[in-house]
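Visitor: Below you'll find target-v5.cif; it's mmCIF, C-alpha atoms, pLDDT in the B column; chains and numbers go by the auth columns.
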```cif
data_work
loop_
_atom_site.group_PDB
_atom_site.id
_atom_site.type_symbol
_atom_site.label_atom_id
_atom_site.label_comp_id
_atom_site.label_asym_id
_atom_site.label_seq_id
_atom_site.Cartn_x
_atom_site.Cartn_y
_atom_site.Cartn_z
_atom_site.B_iso_or_equiv
_atom_site.auth_seq_id
_atom_site.auth_asym_id
ATOM 1 C CA GLN A 1 0.149 -36.679 46.099 78.00 1 H
ATOM 2 C CA ALA A 2 3.599 -38.210 45.992 82.00 2 H
ATOM 3 C CA VAL A 3 4.777 -40.059 49.089 85.00 3 H
ATOM 4 C CA ILE A 4 8.491 -40.701 49.522 86.00 4 H
ATOM 5 C CA LEU A 5 9.268 -43.627 51.794 83.00 5 H
ATOM 6 C CA THR A 6 12.737 -43.290 53.289 83.00 6 H
ATOM 7 C CA ASP A 7 12.297 -45.664 56.213 83.00 7 H
ATOM 8 C CA GLY A 8 10.031 -48.446 57.351 84.00 8 H
ATOM 9 C CA ASN A 9 9.054 -51.775 55.919 86.00 9 H
ATOM 10 C CA LEU A 10 10.797 -52.397 52.569 88.00 10 H
ATOM 11 C CA SER A 11 8.400 -55.148 51.491 90.00 11 H
ATOM 12 C CA LYS A 12 5.429 -52.807 52.006 87.00 12 H
ATOM 13 C CA ALA A 13 7.179 -50.094 49.965 86.00 13 H
ATOM 14 C CA ILE A 14 7.780 -52.575 47.134 87.00 14 H
ATOM 15 C CA ARG A 15 4.193 -53.829 47.376 88.00 15 H
ATOM 16 C CA ALA A 16 2.889 -50.238 47.199 87.00 16 H
ATOM 17 C CA SER A 17 5.067 -49.624 44.163 83.00 17 H
ATOM 18 C CA THR A 18 3.351 -52.491 42.337 81.00 18 H
ATOM 19 C CA SER A 19 -0.138 -51.146 43.075 84.00 19 H
ATOM 20 C CA VAL A 20 -1.052 -50.288 39.517 77.00 20 H
ATOM 21 C CA PRO A 21 -4.681 -49.234 39.045 72.00 21 H
ATOM 22 C CA THR A 22 -6.765 -51.775 37.152 71.00 22 H
ATOM 23 C CA LEU A 23 -4.265 -54.524 38.120 75.00 23 H
ATOM 24 C CA PHE A 24 -3.662 -54.368 41.891 81.00 24 H
ATOM 25 C CA GLN A 25 -5.475 -52.467 44.595 88.00 25 H
ATOM 26 C CA PRO A 26 -3.663 -49.755 46.578 89.00 26 H
ATOM 27 C CA LEU A 27 -1.877 -50.653 49.802 89.00 27 H
ATOM 28 C CA ALA A 28 -3.095 -49.230 53.119 90.00 28 H
ATOM 29 C CA TYR A 29 0.027 -48.080 54.997 86.00 29 H
ATOM 30 C CA ARG A 30 0.474 -45.466 57.761 84.00 30 H
ATOM 31 C CA ASP A 31 -3.037 -44.022 57.296 88.00 31 H
ATOM 32 C CA LEU A 32 -2.444 -43.663 53.552 87.00 32 H
ATOM 33 C CA LEU A 33 -3.544 -45.521 50.449 89.00 33 H
ATOM 34 C CA LEU A 34 -0.417 -46.025 48.362 89.00 34 H
ATOM 35 C CA ALA A 35 -0.217 -46.832 44.652 87.00 35 H
ATOM 36 C CA ASP A 36 2.535 -47.013 42.037 82.00 36 H
ATOM 37 C CA GLY A 37 4.723 -43.905 42.366 79.00 37 H
ATOM 38 C CA GLY A 38 4.930 -43.729 38.592 75.00 38 H
ATOM 39 C CA LEU A 39 1.431 -42.308 38.585 75.00 39 H
ATOM 40 C CA SER A 40 2.688 -39.040 40.063 79.00 40 H
ATOM 41 C CA ASP A 41 6.431 -39.057 39.340 82.00 41 H
ATOM 42 C CA SER A 42 7.612 -41.874 37.092 80.00 42 H
ATOM 43 C CA VAL A 43 11.225 -40.657 36.957 87.00 43 H
ATOM 44 C CA PRO A 44 11.783 -38.865 40.303 88.00 44 H
ATOM 45 C CA VAL A 45 14.666 -36.586 39.307 91.00 45 H
ATOM 46 C CA ASP A 46 13.558 -33.891 41.764 90.00 46 H
ATOM 47 C CA VAL A 47 13.476 -36.368 44.641 89.00 47 H
ATOM 48 C CA VAL A 48 17.012 -37.591 43.962 88.00 48 H
ATOM 49 C CA ARG A 49 18.264 -34.036 43.618 88.00 49 H
ATOM 50 C CA SER A 50 16.620 -33.065 46.935 89.00 50 H
ATOM 51 C CA MET A 51 18.498 -35.942 48.553 87.00 51 H
ATOM 52 C CA GLY A 52 21.756 -34.231 47.582 86.00 52 H
ATOM 53 C CA ALA A 53 22.745 -35.721 44.224 86.00 53 H
ATOM 54 C CA ASP A 54 25.233 -33.561 42.308 86.00 54 H
ATOM 55 C CA ILE A 55 24.572 -35.376 39.055 88.00 55 H
ATOM 56 C CA VAL A 56 21.263 -37.007 38.215 91.00 56 H
ATOM 57 C CA ILE A 57 21.236 -39.853 35.728 92.00 57 H
ATOM 58 C CA ALA A 58 17.611 -40.509 34.802 91.00 58 H
ATOM 59 C CA VAL A 59 16.577 -43.815 33.287 88.00 59 H
ATOM 60 C CA ASN A 60 13.304 -43.419 31.444 85.00 60 H
ATOM 61 C CA LEU A 61 11.506 -46.629 30.506 79.00 61 H
ATOM 62 C CA ASP A 62 8.157 -44.970 29.892 75.00 62 H
ATOM 63 C CA THR A 63 8.211 -45.240 26.130 69.00 63 H
ATOM 64 C CA LEU A 64 5.222 -45.011 23.837 67.00 64 H
ATOM 65 C CA SER A 65 6.251 -46.936 20.766 60.00 65 H
ATOM 66 C CA THR A 66 3.436 -48.850 19.132 59.00 66 H
ATOM 67 C CA LYS A 67 3.174 -50.606 15.814 60.00 67 H
ATOM 68 C CA LYS A 68 1.815 -48.401 13.021 63.00 68 H
ATOM 69 C CA GLY A 69 -1.822 -48.995 12.326 62.00 69 H
ATOM 70 C CA MET A 70 -2.253 -51.092 15.459 65.00 70 H
ATOM 71 C CA LEU A 71 -4.808 -49.823 17.923 68.00 71 H
ATOM 72 C CA PRO A 72 -4.862 -51.195 21.453 68.00 72 H
ATOM 73 C CA THR A 73 -7.614 -53.694 22.170 74.00 73 H
ATOM 74 C CA LEU A 74 -10.454 -52.542 24.393 77.00 74 H
ATOM 75 C CA ASP A 75 -9.043 -54.359 27.410 76.00 75 H
ATOM 76 C CA LYS A 76 -5.711 -52.503 26.993 72.00 76 H
ATOM 77 C CA ILE A 77 -7.118 -48.976 26.613 75.00 77 H
ATOM 78 C CA PRO A 78 -7.253 -48.140 30.368 76.00 78 H
ATOM 79 C CA LEU A 79 -3.590 -49.128 30.821 71.00 79 H
ATOM 80 C CA GLN A 80 -2.648 -47.410 27.558 73.00 80 H
ATOM 81 C CA SER A 81 -4.187 -44.215 28.938 77.00 81 H
ATOM 82 C CA ILE A 82 -2.091 -44.540 32.098 75.00 82 H
ATOM 83 C CA ASN A 83 1.007 -45.117 29.928 75.00 83 H
ATOM 84 C CA ILE A 84 0.355 -41.899 28.027 79.00 84 H
ATOM 85 C CA LEU A 85 0.111 -40.054 31.345 80.00 85 H
ATOM 86 C CA ARG A 86 3.301 -41.698 32.657 78.00 86 H
ATOM 87 C CA HIS A 87 5.146 -40.955 29.407 80.00 87 H
ATOM 88 C CA ASN A 88 4.309 -37.250 29.588 81.00 88 H
ATOM 89 C CA LEU A 89 5.166 -37.109 33.297 83.00 89 H
ATOM 90 C CA ALA A 90 8.518 -38.752 32.561 84.00 90 H
ATOM 91 C CA LEU A 91 9.301 -36.236 29.828 83.00 91 H
ATOM 92 C CA GLN A 92 8.622 -33.388 32.276 87.00 92 H
ATOM 93 C CA SER A 93 10.524 -35.018 35.149 86.00 93 H
ATOM 94 C CA THR A 94 13.668 -35.735 33.162 89.00 94 H
ATOM 95 C CA LYS A 95 14.110 -32.175 31.869 91.00 95 H
ATOM 96 C CA THR A 96 16.427 -31.219 34.744 91.00 96 H
ATOM 97 C CA ALA A 97 18.535 -34.392 34.757 92.00 97 H
ATOM 98 C CA GLU A 98 22.141 -34.077 33.583 93.00 98 H
ATOM 99 C CA VAL A 99 21.910 -37.398 31.749 92.00 99 H
ATOM 100 C CA ILE A 100 18.825 -39.167 30.398 91.00 100 H
ATOM 101 C CA ILE A 101 19.107 -42.803 29.418 91.00 101 H
ATOM 102 C CA SER A 102 16.121 -43.964 27.419 86.00 102 H
ATOM 103 C CA PRO A 103 16.364 -47.217 25.474 83.00 103 H
ATOM 104 C CA SER A 104 15.063 -46.944 21.919 78.00 104 H
ATOM 105 C CA GLY A 105 13.909 -49.441 19.367 70.00 105 H
ATOM 106 C CA ILE A 106 12.039 -51.485 21.928 66.00 106 H
ATOM 107 C CA PRO A 107 8.348 -52.216 22.232 60.00 107 H
ATOM 108 C CA GLN A 108 6.369 -50.147 24.664 58.00 108 H
ATOM 109 C CA ILE A 109 7.443 -50.853 28.209 56.00 109 H
ATOM 110 C CA GLY A 110 5.284 -48.757 30.527 56.00 110 H
ATOM 111 C CA LEU A 111 2.520 -50.804 32.066 50.00 111 H
ATOM 112 C CA VAL A 112 1.080 -52.473 28.977 44.00 112 H
ATOM 113 C CA GLY A 113 4.464 -53.820 27.891 56.00 113 H
ATOM 114 C CA TRP A 114 5.037 -55.918 30.991 60.00 114 H
ATOM 115 C CA GLU A 115 4.231 -59.069 29.029 62.00 115 H
ATOM 116 C CA TYR A 116 7.579 -58.660 27.277 65.00 116 H
ATOM 117 C CA PHE A 117 9.388 -59.377 30.528 64.00 117 H
ATOM 118 C CA PHE A 118 8.035 -62.922 30.544 73.00 118 H
ATOM 119 C CA ASP A 119 9.119 -63.802 27.003 78.00 119 H
ATOM 120 C CA LEU A 120 12.795 -64.858 27.140 81.00 120 H
ATOM 121 C CA LYS A 121 13.606 -63.694 23.587 81.00 121 H
ATOM 122 C CA LYS A 122 11.914 -60.324 24.021 77.00 122 H
ATOM 123 C CA ASN A 123 13.406 -60.053 27.488 79.00 123 H
ATOM 124 C CA LYS A 124 16.885 -60.467 26.014 84.00 124 H
ATOM 125 C CA ASP A 125 16.112 -57.749 23.450 81.00 125 H
ATOM 126 C CA LEU A 126 15.015 -55.393 26.235 80.00 126 H
ATOM 127 C CA ILE A 127 18.193 -56.043 28.207 83.00 127 H
ATOM 128 C CA GLU A 128 20.365 -55.449 25.127 87.00 128 H
ATOM 129 C CA ALA A 129 18.515 -52.193 24.363 86.00 129 H
ATOM 130 C CA GLY A 130 19.088 -51.079 27.962 87.00 130 H
ATOM 131 C CA GLU A 131 22.772 -51.985 27.834 91.00 131 H
ATOM 132 C CA LYS A 132 23.186 -50.124 24.540 93.00 132 H
ATOM 133 C CA ALA A 133 21.459 -47.013 25.913 91.00 133 H
ATOM 134 C CA GLY A 134 23.596 -47.175 29.045 91.00 134 H
ATOM 135 C CA GLU A 135 26.799 -47.469 27.036 92.00 135 H
ATOM 136 C CA GLU A 136 25.711 -44.553 24.833 92.00 136 H
ATOM 137 C CA GLY A 137 25.183 -42.483 27.977 91.00 137 H
ATOM 138 C CA ILE A 138 28.679 -43.045 29.370 91.00 138 H
ATOM 139 C CA SER A 139 30.213 -40.058 27.560 90.00 139 H
ATOM 140 C CA GLN A 140 27.433 -37.794 28.892 91.00 140 H
ATOM 141 C CA ILE A 141 27.975 -39.149 32.390 91.00 141 H
ATOM 142 C CA LEU A 142 31.730 -38.523 32.221 90.00 142 H
ATOM 143 C CA GLU A 143 31.161 -35.003 30.863 90.00 143 H
ATOM 144 C CA SER A 144 28.686 -34.264 33.659 89.00 144 H
ATOM 145 C CA MET A 145 31.202 -35.514 36.216 88.00 145 H
ATOM 146 C CA LYS A 146 33.878 -33.206 34.790 86.00 146 H
ATOM 147 C CA LYS A 147 31.520 -30.218 34.900 85.00 147 H
ATOM 148 C CA SER A 148 30.458 -31.034 38.447 82.00 148 H
ATOM 149 C CA THR A 149 34.081 -31.343 39.566 76.00 149 H
ATOM 150 C CA LYS A 150 34.946 -28.033 37.865 71.00 150 H
ATOM 151 C CA ARG A 151 32.009 -26.290 39.560 70.00 151 H
ATOM 152 C CA LYS A 152 33.083 -27.619 42.926 70.00 152 H
ATOM 153 C CA LYS A 153 36.733 -26.700 42.316 65.00 153 H
ATOM 154 C CA THR A 154 35.766 -23.223 41.203 65.00 154 H
ATOM 155 C CA PHE A 155 33.573 -22.734 44.271 61.00 155 H
ATOM 156 C CA PHE A 156 36.241 -23.980 46.654 59.00 156 H
ATOM 157 C CA GLN A 157 38.957 -22.006 44.877 64.00 157 H
ATOM 158 C CA LYS A 158 36.869 -18.854 45.294 64.00 158 H
ATOM 159 C CA MET A 159 36.305 -19.646 48.963 60.00 159 H
ATOM 160 C CA ILE A 160 40.008 -20.288 49.565 63.00 160 H
ATOM 161 C CA SER A 161 40.936 -17.165 47.648 66.00 161 H
ATOM 162 C CA PHE A 162 38.392 -15.115 49.597 64.00 162 H
ATOM 163 C CA PHE A 163 39.663 -16.297 52.975 63.00 163 H
ATOM 164 C CA HIS A 164 43.298 -16.110 51.873 62.00 164 H
ATOM 165 C CA LYS A 165 42.885 -12.427 50.952 62.00 165 H
ATOM 166 C CA LYS A 166 41.265 -11.737 54.335 56.00 166 H
ATOM 167 C CA GLY A 167 44.116 -13.387 56.216 51.00 167 H
#
```
Would it be possible to restate this file's structure as C-alpha coordinates?
Guide:
Amino acid sequence: QAVILTDGNLSKAIRASTSVPTLFQPLAYRDLLLADGGLSDSVPVDVVRSMGADIVIAVNLDTLSTKKGMLPTLDKIPLQSINILRHNLALQSTKTAEVIISPSGIPQIGLVGWEYFFDLKKNKDLIEAGEKAGEEGISQILESMKKSTKRKKTFFQKMISFFHKKG
(Lines of atoms letter the chains of each structure in order from A and count residues from 1; the text may use other names and numbers.)
(Lines give C-alpha, C1' and ligand atoms only; values in the text may rest on other atoms or scores of the structure.)
Protein backbone atom coordinates (compact mmCIF):
# COMPACT_ATOMS: atom_id res chain seq x y z
CA GLN A 1 0.00 0.00 0.00
CA ALA A 2 1.34 3.41 -0.92
CA VAL A 3 1.91 5.88 1.90
CA ILE A 4 2.22 9.56 1.06
CA LEU A 5 4.10 11.56 3.67
CA THR A 6 3.13 15.22 3.53
CA ASP A 7 4.31 16.22 6.99
CA GLY A 8 6.57 14.99 9.73
CA ASN A 9 10.23 14.16 9.93
CA LEU A 10 11.95 14.72 6.56
CA SER A 11 14.99 12.60 7.42
CA LYS A 12 12.73 9.64 8.25
CA ALA A 13 10.87 10.09 4.95
CA ILE A 14 14.18 10.09 3.05
CA ARG A 15 15.39 7.07 5.04
CA ALA A 16 12.15 5.20 4.23
CA SER A 17 12.59 6.06 0.57
CA THR A 18 15.98 4.33 0.56
CA SER A 19 14.59 1.13 2.11
CA VAL A 20 15.10 -1.08 -0.90
CA PRO A 21 14.42 -4.78 -0.26
CA THR A 22 17.54 -6.92 -0.29
CA LEU A 23 19.67 -3.82 0.47
CA PHE A 24 18.14 -1.99 3.46
CA GLN A 25 15.47 -3.05 5.89
CA PRO A 26 12.16 -1.15 6.05
CA LEU A 27 11.77 1.77 8.45
CA ALA A 28 9.30 1.55 11.33
CA TYR A 29 7.44 4.88 11.40
CA ARG A 30 3.99 5.81 12.79
CA ASP A 31 2.94 2.16 13.27
CA LEU A 32 3.93 1.36 9.68
CA LEU A 33 6.82 -0.42 8.01
CA LEU A 34 7.92 1.84 5.16
CA ALA A 35 10.00 0.88 2.13
CA ASP A 36 11.01 2.54 -1.14
CA GLY A 37 7.91 4.15 -2.68
CA GLY A 38 9.10 3.01 -6.09
CA LEU A 39 7.90 -0.46 -5.21
CA SER A 40 4.28 0.66 -5.45
CA ASP A 41 4.42 3.87 -7.50
CA SER A 42 7.81 4.66 -9.01
CA VAL A 43 6.59 7.74 -10.89
CA PRO A 44 3.70 9.11 -8.78
CA VAL A 45 1.83 11.04 -11.47
CA ASP A 46 -1.53 10.41 -9.78
CA VAL A 47 -0.25 11.75 -6.46
CA VAL A 48 1.01 14.99 -8.01
CA ARG A 49 -2.23 15.42 -9.92
CA SER A 50 -4.27 14.89 -6.73
CA MET A 51 -2.23 17.66 -5.13
CA GLY A 52 -3.60 20.05 -7.76
CA ALA A 53 -1.04 20.05 -10.57
CA ASP A 54 -2.45 21.32 -13.88
CA ILE A 55 0.43 19.90 -15.87
CA VAL A 56 2.38 16.83 -14.81
CA ILE A 57 5.93 16.42 -16.04
CA ALA A 58 7.00 12.87 -15.25
CA VAL A 59 10.66 11.95 -15.11
CA ASN A 60 11.08 8.22 -15.59
CA LEU A 61 14.47 6.78 -14.69
CA ASP A 62 13.26 3.20 -14.47
CA THR A 63 14.87 2.00 -17.66
CA LEU A 64 15.59 -1.59 -18.58
CA SER A 65 18.45 -1.38 -21.02
CA THR A 66 20.92 -4.22 -20.75
CA LYS A 67 23.76 -5.31 -22.97
CA LYS A 68 22.76 -7.90 -25.57
CA GLY A 69 23.69 -11.40 -24.60
CA MET A 70 24.54 -10.36 -21.05
CA LEU A 71 22.56 -12.08 -18.34
CA PRO A 72 22.57 -10.68 -14.82
CA THR A 73 24.74 -12.55 -12.35
CA LEU A 74 22.97 -14.60 -9.70
CA ASP A 75 23.53 -11.95 -7.04
CA LYS A 76 21.83 -9.34 -9.27
CA ILE A 77 18.73 -11.36 -10.19
CA PRO A 78 16.61 -10.33 -7.15
CA LEU A 79 17.23 -6.62 -7.84
CA GLN A 80 16.77 -7.17 -11.58
CA SER A 81 13.35 -8.66 -10.81
CA ILE A 82 12.44 -5.57 -8.77
CA ASN A 83 13.65 -3.37 -11.65
CA ILE A 84 11.35 -5.17 -14.08
CA LEU A 85 8.45 -4.56 -11.70
CA ARG A 86 9.40 -0.88 -11.26
CA HIS A 87 9.80 -0.43 -15.02
CA ASN A 88 6.31 -1.76 -15.72
CA LEU A 89 4.82 0.29 -12.88
CA ALA A 90 6.49 3.40 -14.28
CA LEU A 91 5.10 2.76 -17.75
CA GLN A 92 1.59 2.50 -16.28
CA SER A 93 2.01 5.52 -13.99
CA THR A 94 3.28 7.86 -16.69
CA LYS A 95 0.41 7.22 -19.12
CA THR A 96 -1.60 10.19 -17.82
CA ALA A 97 1.28 12.67 -17.60
CA GLU A 98 1.28 15.55 -20.09
CA VAL A 99 5.04 15.26 -20.54
CA ILE A 100 7.29 12.24 -19.96
CA ILE A 101 11.02 12.78 -19.76
CA SER A 102 12.93 9.53 -19.98
CA PRO A 103 16.65 9.63 -20.72
CA SER A 104 17.72 7.16 -23.39
CA GLY A 105 21.01 5.63 -24.37
CA ILE A 106 22.06 5.13 -20.78
CA PRO A 107 22.77 1.95 -18.87
CA GLN A 108 20.04 0.62 -16.66
CA ILE A 109 19.38 2.95 -13.78
CA GLY A 110 16.67 1.40 -11.61
CA LEU A 111 18.13 -0.27 -8.56
CA VAL A 112 20.85 -2.38 -10.16
CA GLY A 113 22.37 0.59 -11.96
CA TRP A 114 23.19 2.54 -8.83
CA GLU A 115 26.86 1.65 -9.21
CA TYR A 116 26.99 4.07 -12.14
CA PHE A 117 26.43 6.99 -9.79
CA PHE A 118 29.78 6.34 -8.13
CA ASP A 119 31.83 6.27 -11.33
CA LEU A 120 32.63 9.89 -12.28
CA LYS A 121 32.79 9.21 -16.04
CA LYS A 122 29.56 7.23 -16.09
CA ASN A 123 28.00 9.76 -13.74
CA LYS A 124 28.79 12.53 -16.22
CA ASP A 125 27.21 10.48 -19.02
CA LEU A 126 24.05 10.03 -16.93
CA ILE A 127 23.83 13.75 -16.23
CA GLU A 128 24.31 14.59 -19.92
CA ALA A 129 21.61 12.07 -20.92
CA GLY A 130 19.26 13.66 -18.37
CA GLU A 131 20.02 17.17 -19.60
CA LYS A 132 19.45 16.10 -23.21
CA ALA A 133 16.12 14.45 -22.35
CA GLY A 134 15.07 17.53 -20.40
CA GLU A 135 15.95 19.85 -23.28
CA GLU A 136 14.06 17.59 -25.70
CA GLY A 137 11.02 17.84 -23.43
CA ILE A 138 10.92 21.64 -23.38
CA SER A 139 8.73 21.93 -26.49
CA GLN A 140 6.24 19.44 -25.00
CA ILE A 141 6.22 21.38 -21.74
CA LEU A 142 5.57 24.68 -23.52
CA GLU A 143 2.79 23.09 -25.61
CA SER A 144 1.19 21.65 -22.47
CA MET A 145 1.34 25.06 -20.82
CA LYS A 146 -0.39 26.65 -23.82
CA LYS A 147 -3.13 24.01 -23.77
CA SER A 148 -3.61 24.39 -20.03
CA THR A 149 -3.85 28.17 -20.35
CA LYS A 150 -6.36 27.83 -23.21
CA ARG A 151 -8.49 25.41 -21.17
CA LYS A 152 -8.50 27.78 -18.24
CA LYS A 153 -9.27 30.79 -20.46
CA THR A 154 -12.07 28.92 -22.16
CA PHE A 155 -13.55 27.88 -18.82
CA PHE A 156 -13.34 31.37 -17.38
CA GLN A 157 -14.64 32.93 -20.59
CA LYS A 158 -17.66 30.62 -20.43
CA MET A 159 -18.22 31.50 -16.78
CA ILE A 160 -17.97 35.23 -17.47
CA SER A 161 -20.23 34.90 -20.49
CA PHE A 162 -22.75 32.88 -18.48
CA PHE A 163 -22.90 35.42 -15.66
CA HIS A 164 -22.81 38.36 -18.07
CA LYS A 165 -25.90 37.04 -19.88
CA LYS A 166 -27.70 36.59 -16.55
CA GLY A 167 -26.94 40.15 -15.48
Visitor: Quick one: distance from atom CA of H:Ile14 to atom CA of H:Ala53 in Å, one decimal?
Guide: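 Pair atom CA of H:Ile14 / atom CA of H:Ala53 returns 22.7 Å.
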Visitor: Which value, in Å to one decimal, gives the distance between atom CA of H:Leu85 and atom CA of H:Ser104?
Guide: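 One can read the atom CA of H:Leu85 to atom CA of H:Ser104 distance as 19.0 Å.
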Visitor: Select, from H:Gly38, H:Thr6, H:Arg151, H:Glu128, the residue with the minimum atom-to-atom distance to H:Ile82, counting all atoms listed in the file.
Guide: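 Nearest to H:Ile82: H:Gly38.
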Visitor: Please determine, counting all atoms listed in the file, which residue among H:Val59, H:Pro21, H:Glu143, H:Leu89 has the shortest atom-to-atom distance to H:Pro103.
Guide: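 The answer is H:Val59, which sits nearest to H:Pro103.
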Visitor: Tell me which residues the PyMOL selection byres ((chain H and resi 129) around 12) grabs here, as a PyMOL selection string.
Guide: chain H and resi 61+101-107+109+122-128+130-136
Visitor: Which polymer residues have any atom within 12 Å of an atom of H:Gln1, counting only C-alpha atoms, with same-chain residues fewer than 2 positions away left out, as an mmCIF file with C-alpha atoms, in the coordinates of the input?
Guide:
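Everything below was put into part_8.cif:
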```cif
data_model
loop_
_atom_site.group_PDB
_atom_site.id
_atom_site.type_symbol
_atom_site.label_atom_id
_atom_site.label_comp_id
_atom_site.auth_asym_id
_atom_site.auth_seq_id
_atom_site.Cartn_x
_atom_site.Cartn_y
_atom_site.Cartn_z
ATOM 1 C CA VAL H 3 4.777 -40.059 49.089
ATOM 2 C CA ILE H 4 8.491 -40.701 49.522
ATOM 3 C CA LEU H 32 -2.444 -43.663 53.552
ATOM 4 C CA LEU H 33 -3.544 -45.521 50.449
ATOM 5 C CA LEU H 34 -0.417 -46.025 48.362
ATOM 6 C CA ALA H 35 -0.217 -46.832 44.652
ATOM 7 C CA ASP H 36 2.535 -47.013 42.037
ATOM 8 C CA GLY H 37 4.723 -43.905 42.366
ATOM 9 C CA GLY H 38 4.930 -43.729 38.592
ATOM 10 C CA LEU H 39 1.431 -42.308 38.585
ATOM 11 C CA SER H 40 2.688 -39.040 40.063
ATOM 12 C CA ASP H 41 6.431 -39.057 39.340
#
```
Visitor: For atom CA of H:Leu27 and atom CA of H:Val47, quote the distance in Å rounded to one decimal.
Guide: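 Straight-line distance from atom CA of H:Leu27 to atom CA of H:Val47 works out to 21.6 Å.
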Visitor: Which is closest to H:Ser11 among H:Tyr29, H:Gly52, H:Ser139, H:Phe24, if we use all atoms listed in the file?
Guide: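 Ranked by minimum distance to H:Ser11, first place goes to H:Tyr29.
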Visitor: With 3 Å added on each side, what axis-aligned box encloses every listed atom of stretch 38-54 of chain H? Give the centre and edge lengths in Å to one decimal, as JSON.
Guide:
```
{"center_x": 13.3, "center_y": -38.4, "center_z": 42.8, "size_x": 29.8, "size_y": 16.7, "size_z": 17.6}
```
